[in-house]
$ cat run_19.cif   # mmCIF, C-alpha atoms
data_entry
loop_
_atom_site.label_atom_id
_atom_site.label_comp_id
_atom_site.auth_asym_id
_atom_site.auth_seq_id
_atom_site.Cartn_x
_atom_site.Cartn_y
_atom_site.Cartn_z
CA MET A 3 -27.04 89.91 47.35
CA PRO A 4 -25.05 87.34 45.35
CA PRO A 5 -23.58 84.34 47.21
CA HIS A 6 -20.23 84.82 48.95
CA GLU A 7 -20.61 88.62 49.00
CA ILE A 8 -22.08 89.10 52.46
CA PRO A 9 -19.87 91.60 54.26
CA HIS A 10 -18.18 90.52 57.46
CA GLU A 11 -16.78 92.85 60.09
CA ILE A 12 -13.09 92.12 60.49
CA PRO A 13 -11.92 92.16 64.12
CA HIS A 14 -8.84 94.16 65.03
CA ASP A 15 -6.58 93.03 67.84
CA ASP A 16 -5.65 96.62 68.70
CA VAL A 17 -9.22 97.64 69.57
CA PRO A 18 -9.37 98.03 73.37
CA TYR A 19 -11.73 95.81 75.32
CA ASP A 20 -15.02 97.49 76.09
CA SER A 21 -16.62 96.19 79.26
CA ALA A 22 -19.98 97.25 77.87
CA SER A 23 -19.56 95.00 74.82
CA PRO A 24 -22.21 92.30 74.41
CA ASN A 25 -21.57 89.06 76.25
CA PRO A 26 -20.74 86.27 73.77
CA ALA A 27 -23.40 84.11 75.45
CA ASP A 28 -25.98 86.84 74.84
CA LEU A 29 -24.97 87.06 71.18
CA GLU A 30 -25.30 83.29 70.86
CA ALA A 31 -28.77 83.39 72.41
CA ARG A 32 -29.88 86.02 69.89
CA ARG A 33 -28.63 84.01 66.91
CA ALA A 34 -30.99 81.50 65.32
CA LEU A 35 -31.06 78.07 66.89
CA ARG A 36 -29.43 75.79 64.32
CA VAL A 37 -30.88 72.29 64.27
CA GLY A 38 -29.26 69.48 62.31
CA ILE A 39 -31.46 66.61 61.12
CA GLY A 40 -29.70 63.44 60.00
CA GLY A 41 -30.36 59.75 59.52
CA PRO A 42 -30.35 56.96 56.94
CA VAL A 43 -31.78 57.32 53.44
CA GLY A 44 -35.57 57.02 53.48
CA SER A 45 -36.02 57.52 57.21
CA GLY A 46 -38.23 60.57 56.68
CA LYS A 47 -35.91 63.50 57.32
CA THR A 48 -37.36 65.75 54.61
CA THR A 49 -40.91 64.90 55.65
CA LEU A 50 -40.02 65.74 59.25
CA VAL A 51 -38.51 69.08 58.23
CA GLY A 52 -41.62 69.90 56.23
CA ALA A 53 -43.92 69.00 59.11
CA LEU A 54 -41.88 71.07 61.56
CA CYS A 55 -41.97 74.07 59.23
CA ALA A 56 -45.74 73.76 58.92
CA LEU A 57 -46.14 73.62 62.70
CA LEU A 58 -43.70 76.39 63.61
CA ARG A 59 -43.80 78.91 60.74
CA ASP A 60 -46.59 81.02 62.28
CA GLN A 61 -44.67 81.49 65.54
CA LEU A 62 -41.05 81.59 64.37
CA SER A 63 -38.92 82.90 61.50
CA LEU A 64 -37.51 79.80 59.78
CA VAL A 65 -34.97 78.94 57.08
CA VAL A 66 -33.83 75.56 55.74
CA VAL A 67 -30.62 74.23 54.20
CA THR A 68 -30.81 70.79 52.59
CA ASN A 69 -27.97 68.51 51.49
CA ASP A 70 -27.90 66.12 48.54
CA ILE A 71 -24.89 64.77 46.66
CA PHE A 72 -25.69 65.91 43.12
CA THR A 73 -29.29 67.19 43.18
CA SER A 74 -31.59 69.63 44.97
CA GLU A 75 -34.42 67.12 45.34
CA ASP A 76 -35.00 67.61 49.06
CA ALA A 77 -35.14 71.39 48.72
CA ASP A 78 -37.40 71.05 45.68
CA ALA A 79 -39.76 68.78 47.63
CA LEU A 80 -40.04 71.32 50.45
CA ARG A 81 -40.61 74.17 48.01
CA GLU A 82 -43.27 72.19 46.14
CA ALA A 83 -45.03 71.47 49.43
CA ALA A 84 -44.96 75.25 50.14
CA VAL A 85 -43.85 74.72 53.74
CA LEU A 86 -41.95 78.03 53.54
CA PRO A 87 -41.45 80.73 50.90
CA THR A 88 -39.05 79.39 48.30
CA GLU A 89 -36.34 81.94 49.10
CA ARG A 90 -36.09 80.54 52.63
CA ILE A 91 -35.02 77.09 51.37
CA VAL A 92 -31.52 76.57 49.96
CA ALA A 93 -29.94 73.39 48.62
CA VAL A 94 -26.29 72.44 49.05
CA GLU A 95 -24.96 69.89 46.56
CA THR A 96 -22.19 68.23 48.53
CA GLY A 97 -20.58 66.35 45.63
CA CYS A 98 -19.36 63.82 48.19
CA CYS A 99 -20.54 61.82 51.17
CA PRO A 100 -23.11 63.99 52.99
CA HIS A 101 -21.48 63.04 56.29
CA THR A 102 -18.32 64.84 55.22
CA ALA A 103 -20.31 68.02 54.50
CA ILE A 104 -21.95 68.11 57.93
CA ARG A 105 -19.04 67.02 60.08
CA ASP A 106 -15.63 67.35 58.44
CA ASP A 107 -15.79 70.10 55.81
CA ILE A 108 -18.77 72.21 56.85
CA ALA A 109 -17.80 75.30 54.82
CA ALA A 110 -20.52 75.04 52.15
CA ASN A 111 -23.23 74.41 54.73
CA LEU A 112 -22.04 77.09 57.10
CA ASP A 113 -21.85 79.61 54.26
CA ALA A 114 -25.42 78.77 53.20
CA VAL A 115 -26.68 79.02 56.78
CA GLU A 116 -25.02 82.36 57.43
CA GLN A 117 -26.21 83.86 54.14
CA LEU A 118 -29.81 82.82 54.79
CA GLU A 119 -29.75 84.22 58.31
CA VAL A 120 -28.33 87.53 57.11
CA LEU A 121 -30.71 87.75 54.16
CA HIS A 122 -33.83 87.17 56.23
CA GLY A 123 -32.87 89.17 59.29
CA ASP A 124 -34.07 87.98 62.68
CA VAL A 125 -34.23 84.25 61.99
CA ASP A 126 -35.30 82.20 65.01
CA LEU A 127 -34.67 78.70 63.72
CA THR A 128 -32.45 77.22 61.00
CA PHE A 129 -32.79 73.61 59.90
CA VAL A 130 -29.84 71.84 58.27
CA GLU A 131 -30.96 68.55 56.76
CA SER A 132 -28.22 66.08 55.92
CA GLY A 133 -28.37 63.91 52.86
CA GLY A 134 -29.19 60.34 53.83
CA ASP A 135 -26.31 58.68 55.63
CA ASN A 136 -25.56 55.82 57.98
CA LEU A 137 -25.54 55.35 61.75
CA THR A 138 -22.22 57.17 62.13
CA ALA A 139 -23.61 60.48 60.82
CA ILE A 140 -23.28 63.29 63.33
CA PHE A 141 -23.07 67.05 62.82
CA SER A 142 -20.14 69.27 63.71
CA ARG A 143 -20.95 71.52 66.66
CA GLY A 144 -19.43 74.27 64.56
CA LEU A 145 -22.42 73.92 62.22
CA VAL A 146 -25.42 73.20 64.45
CA ASP A 147 -26.39 73.75 68.07
CA VAL A 148 -28.49 70.61 68.46
CA GLN A 149 -29.02 67.56 66.30
CA ILE A 150 -31.93 65.21 65.67
CA PHE A 151 -31.30 61.71 64.32
CA VAL A 152 -34.13 59.94 62.49
CA LEU A 153 -34.63 56.18 62.14
CA ASP A 154 -37.69 54.43 60.76
CA THR A 155 -39.44 51.18 61.50
CA ALA A 156 -39.05 49.97 57.91
CA GLY A 157 -35.27 50.02 58.37
CA GLY A 158 -35.56 47.16 60.87
CA ASP A 159 -36.28 47.06 64.57
CA ASP A 160 -32.73 45.93 65.31
CA VAL A 161 -31.19 49.25 64.21
CA PRO A 162 -31.43 51.08 67.57
CA ARG A 163 -29.85 48.08 69.29
CA LYS A 164 -26.90 48.25 66.90
CA GLY A 165 -26.35 51.82 68.04
CA GLY A 166 -23.67 54.05 66.60
CA PRO A 167 -22.82 57.73 67.07
CA GLY A 168 -26.01 58.99 65.44
CA VAL A 169 -28.22 56.90 67.72
CA ALA A 170 -26.22 57.47 70.89
CA MET A 171 -25.07 61.08 70.57
CA ALA A 172 -27.90 63.03 68.93
CA ASP A 173 -29.73 65.41 71.24
CA LEU A 174 -33.01 63.83 70.13
CA LEU A 175 -33.63 60.45 68.49
CA VAL A 176 -36.81 60.02 66.44
CA ILE A 177 -38.26 56.61 65.58
CA ASN A 178 -40.35 57.46 62.54
CA LYS A 179 -43.02 55.66 60.47
CA VAL A 180 -44.49 53.83 63.45
CA ASP A 181 -47.70 53.50 61.41
CA LEU A 182 -45.83 51.13 59.08
CA ALA A 183 -44.52 48.86 61.83
CA PRO A 184 -47.29 46.23 61.54
CA TYR A 185 -46.62 45.90 57.81
CA VAL A 186 -42.87 45.38 58.15
CA ALA A 187 -42.92 43.20 61.29
CA SER A 188 -41.15 45.79 63.45
CA ASP A 189 -41.65 45.99 67.20
CA VAL A 190 -41.89 49.70 68.06
CA ASP A 191 -41.77 49.13 71.83
CA ARG A 192 -38.57 47.15 71.41
CA MET A 193 -37.06 49.87 69.22
CA LEU A 194 -37.86 52.52 71.82
CA SER A 195 -36.52 50.39 74.66
CA ASP A 196 -33.29 49.54 72.82
CA ALA A 197 -32.81 53.17 71.85
CA ARG A 198 -33.19 54.40 75.42
CA GLU A 199 -30.60 51.88 76.59
CA ARG A 200 -28.11 53.37 74.12
CA ARG A 201 -28.83 57.01 74.92
CA ASP A 202 -28.06 57.56 78.60
CA GLY A 203 -31.27 59.43 79.34
CA LYS A 204 -31.42 61.58 76.21
CA PRO A 205 -34.93 61.75 74.70
CA VAL A 206 -36.45 59.34 72.19
CA PHE A 207 -39.71 60.18 70.39
CA SER A 208 -41.87 58.09 68.10
CA THR A 209 -43.56 59.74 65.12
CA SER A 210 -45.99 59.01 62.31
CA LEU A 211 -45.88 61.78 59.73
CA VAL A 212 -49.04 61.00 57.82
CA ASP A 213 -49.77 64.68 58.48
CA ALA A 214 -47.87 67.50 60.14
CA SER A 215 -49.51 66.94 63.52
CA GLY A 216 -47.40 63.81 63.91
CA ALA A 217 -44.36 66.04 64.50
CA ALA A 218 -45.99 68.03 67.32
CA GLU A 219 -43.83 66.50 70.07
CA VAL A 220 -40.65 67.26 68.14
CA ALA A 221 -41.85 70.82 67.48
CA GLY A 222 -42.50 71.26 71.19
CA TRP A 223 -38.99 70.02 72.01
CA ILE A 224 -37.47 72.55 69.59
CA SER A 225 -39.62 75.40 70.93
CA ALA A 226 -38.46 74.57 74.45
CA ARG A 227 -34.83 74.72 73.34
CA ILE A 228 -35.39 78.15 71.81
CA ALA A 229 -37.14 79.38 74.96
CA ALA A 230 -34.33 78.06 77.15
CA ARG A 231 -31.72 80.07 75.22
CA SER A 232 -33.45 83.36 76.00
CA THR A 233 -33.68 82.85 79.76
#

$ encode --input "run_19.cif" --output "structure tokens"
Amino acid sequence: MPPHEIPHEIPHDDVPYDSASPNPADLEARRALRVGIGGPVGSGKTTLVGALCALLRDQLSLVVVTNDIFTSEDADALREAAVLPTERIVAVETGCCPHTAIRDDIAANLDAVEQLEVLHGDVDLTFVESGGDNLTAIFSRGLVDVQIFVLDTAGGDDVPRKGGPGVAMADLLVINKVDLAPYVASDVDRMLSDARERRDGKPVFSTSLVDASGAAEVAGWISARIAARST
């Protein structure tokens, strides 16, 4: 079906309330869990998405929406890596700051998400990867249910201490590329400690994505969120 032609049922105010109608919470639980993945340029967001797809694709029905300003490079990289069938990966070219497209004007992303979920039926998990942005990048809760923010050791071990909305407010913070820390003089323990001080008990994971197994802890966290929605 061509873009923008997915039919929507139009609600009518004069339809009487039916006590047997589905509970909105039940409908929400049956919809795909939408996970936003953001963070600075080069932190490893696309690699993380690819690793998560590889780990979860045999258990869950997945789709991915990527964001870049003028290209589809992230989507192309995921397709080339064959982490999912190509039709399950869609690129959004924001034409502006990626932060705007995930927080302020989410229309293009939301349209892509909804079309993918309709096209592929019972989708369990939808990833929305932001184009690289800064420490203020957070997703609108109208677009995603939970958000993961990715930093990397090569960006400097002072970044978690500097904080910002992405570090403090994401549901999960990932400190990536810990395998590179010795080569860039970054103290991973310090990064983890500083991050936890900024996050009021919310989780912080460290990852090395040399292969997909490095994302196993993040995949487990996502699977637990999906399981929790159905209970």

$ resolve_selection --input "run_19.cif" --expression "the PyMOL selection byres ((chain A and resi 59) around 12)" --output "list in words"
Val51, Gly52, Ala53, Leu54, Cys55, Ala56, Leu57, Leu58, Asp60, Gln61, Leu62, Ser63, Leu64, Val65, Val66, Ala84, Val85, Leu86, Pro87, Arg90, Val125, Asp126, Leu127, Thr128, Ala221 and Ser225 of chain A

$ write_last_selection --input "run_19.cif" --atoms "C-alpha atoms" --output "PDB file, keeping the file's coordinate frame"
ATOM      1  CA  VAL A  51     -38.510  69.080  58.230  1.00  0.00           C
ATOM      2  CA  GLY A  52     -41.620  69.900  56.230  1.00  0.00           C
ATOM      3  CA  ALA A  53     -43.920  69.000  59.110  1.00  0.00           C
ATOM      4  CA  LEU A  54     -41.880  71.070  61.560  1.00  0.00           C
ATOM      5  CA  CYS A  55     -41.970  74.070  59.230  1.00  0.00           C
ATOM      6  CA  ALA A  56     -45.740  73.760  58.920  1.00  0.00           C
ATOM      7  CA  LEU A  57     -46.140  73.620  62.700  1.00  0.00           C
ATOM      8  CA  LEU A  58     -43.700  76.390  63.610  1.00  0.00           C
ATOM      9  CA  ASP A  60     -46.590  81.020  62.280  1.00  0.00           C
ATOM     10  CA  GLN A  61     -44.670  81.490  65.540  1.00  0.00           C
ATOM     11  CA  LEU A  62     -41.050  81.590  64.370  1.00  0.00           C
ATOM     12  CA  SER A  63     -38.920  82.900  61.500  1.00  0.00           C
ATOM     13  CA  LEU A  64     -37.510  79.800  59.780  1.00  0.00           C
ATOM     14  CA  VAL A  65     -34.970  78.940  57.080  1.00  0.00           C
ATOM     15  CA  VAL A  66     -33.830  75.560  55.740  1.00  0.00           C
ATOM     16  CA  ALA A  84     -44.960  75.250  50.140  1.00  0.00           C
ATOM     17  CA  VAL A  85     -43.850  74.720  53.740  1.00  0.00           C
ATOM     18  CA  LEU A  86     -41.950  78.030  53.540  1.00  0.00           C
ATOM     19  CA  PRO A  87     -41.450  80.730  50.900  1.00  0.00           C
ATOM     20  CA  ARG A  90     -36.090  80.540  52.630  1.00  0.00           C
ATOM     21  CA  VAL A 125     -34.230  84.250  61.990  1.00  0.00           C
ATOM     22  CA  ASP A 126     -35.300  82.200  65.010  1.00  0.00           C
ATOM     23  CA  LEU A 127     -34.670  78.700  63.720  1.00  0.00           C
ATOM     24  CA  THR A 128     -32.450  77.220  61.000  1.00  0.00           C
ATOM     25  CA  ALA A 221     -41.850  70.820  67.480  1.00  0.00           C
ATOM     26  CA  SER A 225     -39.620  75.400  70.930  1.00  0.00           C
TER      27      SER A 225
END

$ closest_residue --input "run_19.cif" --among "A:Ala214, A:Ile228, A:Ala103, A:Leu121" --to "Thr49 of chain A" --atoms "only C-alpha atoms"
A:Ala214

$ resolve_selection --input "run_19.cif" --expression "the PyMOL selection byres ((chain A and resi 154-158) around 10)" --output "PyMOL selection string"
chain A and resi 41-47+152-153+159-162+176-190+193+208-210

$ closest_residue --input "run_19.cif" --among "A:Glu95, A:Asp213, A:Glu131, A:Asp191" --to "Thr48 of chain A" --atoms "all atoms listed in the file"
A:Glu131

$ atom_distance --input "run_19.cif" --atom1 "atom CA of Val130 of chain A" --atom2 "atom CA of Val148 of chain A"
10.4 Å

$ atom_distance --input "run_19.cif" --atom1 "atom CA of Ala77 of chain A" --atom2 "atom CA of Arg231 of chain A"
28.1 Å

$ axis_aligned_box --input "run_19.cif" --around "segment 193-208 of chain A" --padding-each-side "4 Å" --output "lines of an AutoDock Vina configuration file"
center_x = -35.0
center_y = 55.6
center_z = 73.7
size_x = 21.8
size_y = 20.2
size_z = 19.2

$ residues_near_point --input "run_19.cif" --point "(-22.2, 64.3, 50.5)" --cutoff "12 Å" --atoms "all atoms listed in the file" --output "number ranges by chain"
A: 68-73, 94-108, 110-111, 131-136, 139

$ atom_distance --input "run_19.cif" --atom1 "atom CA of Ile39 of chain A" --atom2 "atom CA of Leu174 of chain A"
9.6 Å

$ closest_residue --input "run_19.cif" --among "A:Ala226, A:Ile140, A:Val115, A:Ile91" --to "Ala34 of chain A" --atoms "all atoms listed in the file"
A:Val115

$ closest_residue --input "run_19.cif" --among "A:Arg201, A:Lys164, A:Arg81, A:Arg227" --to "Val37 of chain A" --atoms "only C-alpha atoms"
A:Arg227

$ build_atoms --input "run_19.cif" --residues "segment 151-186 of chain A" --atoms "N, CA and C atoms" --output "mmCIF file, keeping the file's coordinate frame"
data_model
loop_
_atom_site.group_PDB
_atom_site.id
_atom_site.type_symbol
_atom_site.label_atom_id
_atom_site.label_comp_id
_atom_site.auth_asym_id
_atom_site.auth_seq_id
_atom_site.Cartn_x
_atom_site.Cartn_y
_atom_site.Cartn_z
ATOM 1 N N PHE A 151 -31.613 62.863 65.170
ATOM 2 C CA PHE A 151 -31.300 61.710 64.320
ATOM 3 C C PHE A 151 -32.586 60.927 64.113
ATOM 4 N N VAL A 152 -32.863 60.571 62.851
ATOM 5 C CA VAL A 152 -34.130 59.940 62.490
ATOM 6 C C VAL A 152 -33.893 58.514 61.994
ATOM 7 N N LEU A 153 -34.567 57.567 62.624
ATOM 8 C CA LEU A 153 -34.630 56.180 62.140
ATOM 9 C C LEU A 153 -36.075 55.899 61.753
ATOM 10 N N ASP A 154 -36.309 54.780 61.064
ATOM 11 C CA ASP A 154 -37.690 54.430 60.760
ATOM 12 C C ASP A 154 -37.898 52.937 60.947
ATOM 13 N N THR A 155 -39.138 52.577 61.208
ATOM 14 C CA THR A 155 -39.440 51.180 61.500
ATOM 15 C C THR A 155 -39.152 50.263 60.319
ATOM 16 N N ALA A 156 -39.285 50.802 59.100
ATOM 17 C CA ALA A 156 -39.050 49.970 57.910
ATOM 18 C C ALA A 156 -37.578 49.608 57.746
ATOM 19 N N GLY A 157 -36.695 50.334 58.438
ATOM 20 C CA GLY A 157 -35.270 50.020 58.370
ATOM 21 C C GLY A 157 -34.888 48.815 59.205
ATOM 22 N N GLY A 158 -35.825 48.320 60.022
ATOM 23 C CA GLY A 158 -35.560 47.160 60.870
ATOM 24 C C GLY A 158 -35.552 47.525 62.331
ATOM 25 N N ASP A 159 -36.200 46.698 63.155
ATOM 26 C CA ASP A 159 -36.280 47.060 64.570
ATOM 27 C C ASP A 159 -35.012 46.733 65.345
ATOM 28 N N ASP A 160 -34.005 46.181 64.654
ATOM 29 C CA ASP A 160 -32.730 45.930 65.310
ATOM 30 C C ASP A 160 -31.776 47.120 65.218
ATOM 31 N N VAL A 161 -32.124 48.138 64.438
ATOM 32 C CA VAL A 161 -31.190 49.250 64.210
ATOM 33 C C VAL A 161 -30.854 50.015 65.490
ATOM 34 N N PRO A 162 -31.818 50.382 66.335
ATOM 35 C CA PRO A 162 -31.430 51.080 67.570
ATOM 36 C C PRO A 162 -30.500 50.255 68.445
ATOM 37 N N ARG A 163 -30.704 48.945 68.472
ATOM 38 C CA ARG A 163 -29.850 48.080 69.290
ATOM 39 C C ARG A 163 -28.417 48.080 68.786
ATOM 40 N N LYS A 164 -28.245 48.202 67.471
ATOM 41 C CA LYS A 164 -26.900 48.250 66.900
ATOM 42 C C LYS A 164 -26.179 49.529 67.285
ATOM 43 N N GLY A 165 -26.935 50.574 67.558
ATOM 44 C CA GLY A 165 -26.350 51.820 68.040
ATOM 45 C C GLY A 165 -25.532 52.541 67.001
ATOM 46 N N GLY A 166 -24.489 53.205 67.456
ATOM 47 C CA GLY A 166 -23.670 54.050 66.600
ATOM 48 C C GLY A 166 -23.765 55.485 67.053
ATOM 49 N N PRO A 167 -22.847 56.331 66.605
ATOM 50 C CA PRO A 167 -22.820 57.730 67.070
ATOM 51 C C PRO A 167 -24.118 58.483 66.840
ATOM 52 N N GLY A 168 -24.769 58.277 65.692
ATOM 53 C CA GLY A 168 -26.010 58.990 65.440
ATOM 54 C C GLY A 168 -27.078 58.637 66.457
ATOM 55 N N VAL A 169 -27.217 57.358 66.752
ATOM 56 C CA VAL A 169 -28.220 56.900 67.720
ATOM 57 C C VAL A 169 -27.860 57.370 69.122
ATOM 58 N N ALA A 170 -26.607 57.213 69.505
ATOM 59 C CA ALA A 170 -26.220 57.470 70.890
ATOM 60 C C ALA A 170 -26.013 58.940 71.209
ATOM 61 N N MET A 171 -25.542 59.740 70.249
ATOM 62 C CA MET A 171 -25.070 61.080 70.570
ATOM 63 C C MET A 171 -26.015 62.211 70.185
ATOM 64 N N ALA A 172 -26.989 61.958 69.318
ATOM 65 C CA ALA A 172 -27.900 63.030 68.930
ATOM 66 C C ALA A 172 -28.648 63.552 70.147
ATOM 67 N N ASP A 173 -28.986 64.828 70.116
ATOM 68 C CA ASP A 173 -29.730 65.410 71.240
ATOM 69 C C ASP A 173 -31.138 64.834 71.325
ATOM 70 N N LEU A 174 -31.694 64.457 70.177
ATOM 71 C CA LEU A 174 -33.010 63.830 70.130
ATOM 72 C C LEU A 174 -32.976 62.721 69.083
ATOM 73 N N LEU A 175 -33.491 61.551 69.447
ATOM 74 C CA LEU A 175 -33.630 60.450 68.490
ATOM 75 C C LEU A 175 -35.109 60.277 68.179
ATOM 76 N N VAL A 176 -35.431 60.199 66.894
ATOM 77 C CA VAL A 176 -36.810 60.020 66.440
ATOM 78 C C VAL A 176 -36.941 58.658 65.773
ATOM 79 N N ILE A 177 -37.886 57.855 66.247
ATOM 80 C CA ILE A 177 -38.260 56.610 65.580
ATOM 81 C C ILE A 177 -39.484 56.916 64.742
ATOM 82 N N ASN A 178 -39.312 56.984 63.440
ATOM 83 C CA ASN A 178 -40.350 57.460 62.540
ATOM 84 C C ASN A 178 -41.085 56.286 61.864
ATOM 85 N N LYS A 179 -42.197 56.614 61.231
ATOM 86 C CA LYS A 179 -43.020 55.660 60.470
ATOM 87 C C LYS A 179 -43.553 54.530 61.350
ATOM 88 N N VAL A 180 -43.961 54.872 62.568
ATOM 89 C CA VAL A 180 -44.490 53.830 63.450
ATOM 90 C C VAL A 180 -45.800 53.266 62.897
ATOM 91 N N ASP A 181 -46.471 54.007 62.025
ATOM 92 C CA ASP A 181 -47.700 53.500 61.410
ATOM 93 C C ASP A 181 -47.427 52.326 60.469
ATOM 94 N N LEU A 182 -46.185 52.223 59.993
ATOM 95 C CA LEU A 182 -45.830 51.130 59.080
ATOM 96 C C LEU A 182 -45.353 49.877 59.812
ATOM 97 N N ALA A 183 -45.125 49.978 61.091
ATOM 98 C CA ALA A 183 -44.520 48.860 61.830
ATOM 99 C C ALA A 183 -45.268 47.539 61.651
ATOM 100 N N PRO A 184 -46.609 47.526 61.706
ATOM 101 C CA PRO A 184 -47.290 46.230 61.540
ATOM 102 C C PRO A 184 -47.064 45.591 60.170
ATOM 103 N N TYR A 185 -46.762 46.414 59.172
ATOM 104 C CA TYR A 185 -46.620 45.900 57.810
ATOM 105 C C TYR A 185 -45.189 45.419 57.514
ATOM 106 N N VAL A 186 -44.258 45.782 58.379
ATOM 107 C CA VAL A 186 -42.870 45.380 58.150
ATOM 108 C C VAL A 186 -42.335 44.542 59.316
#
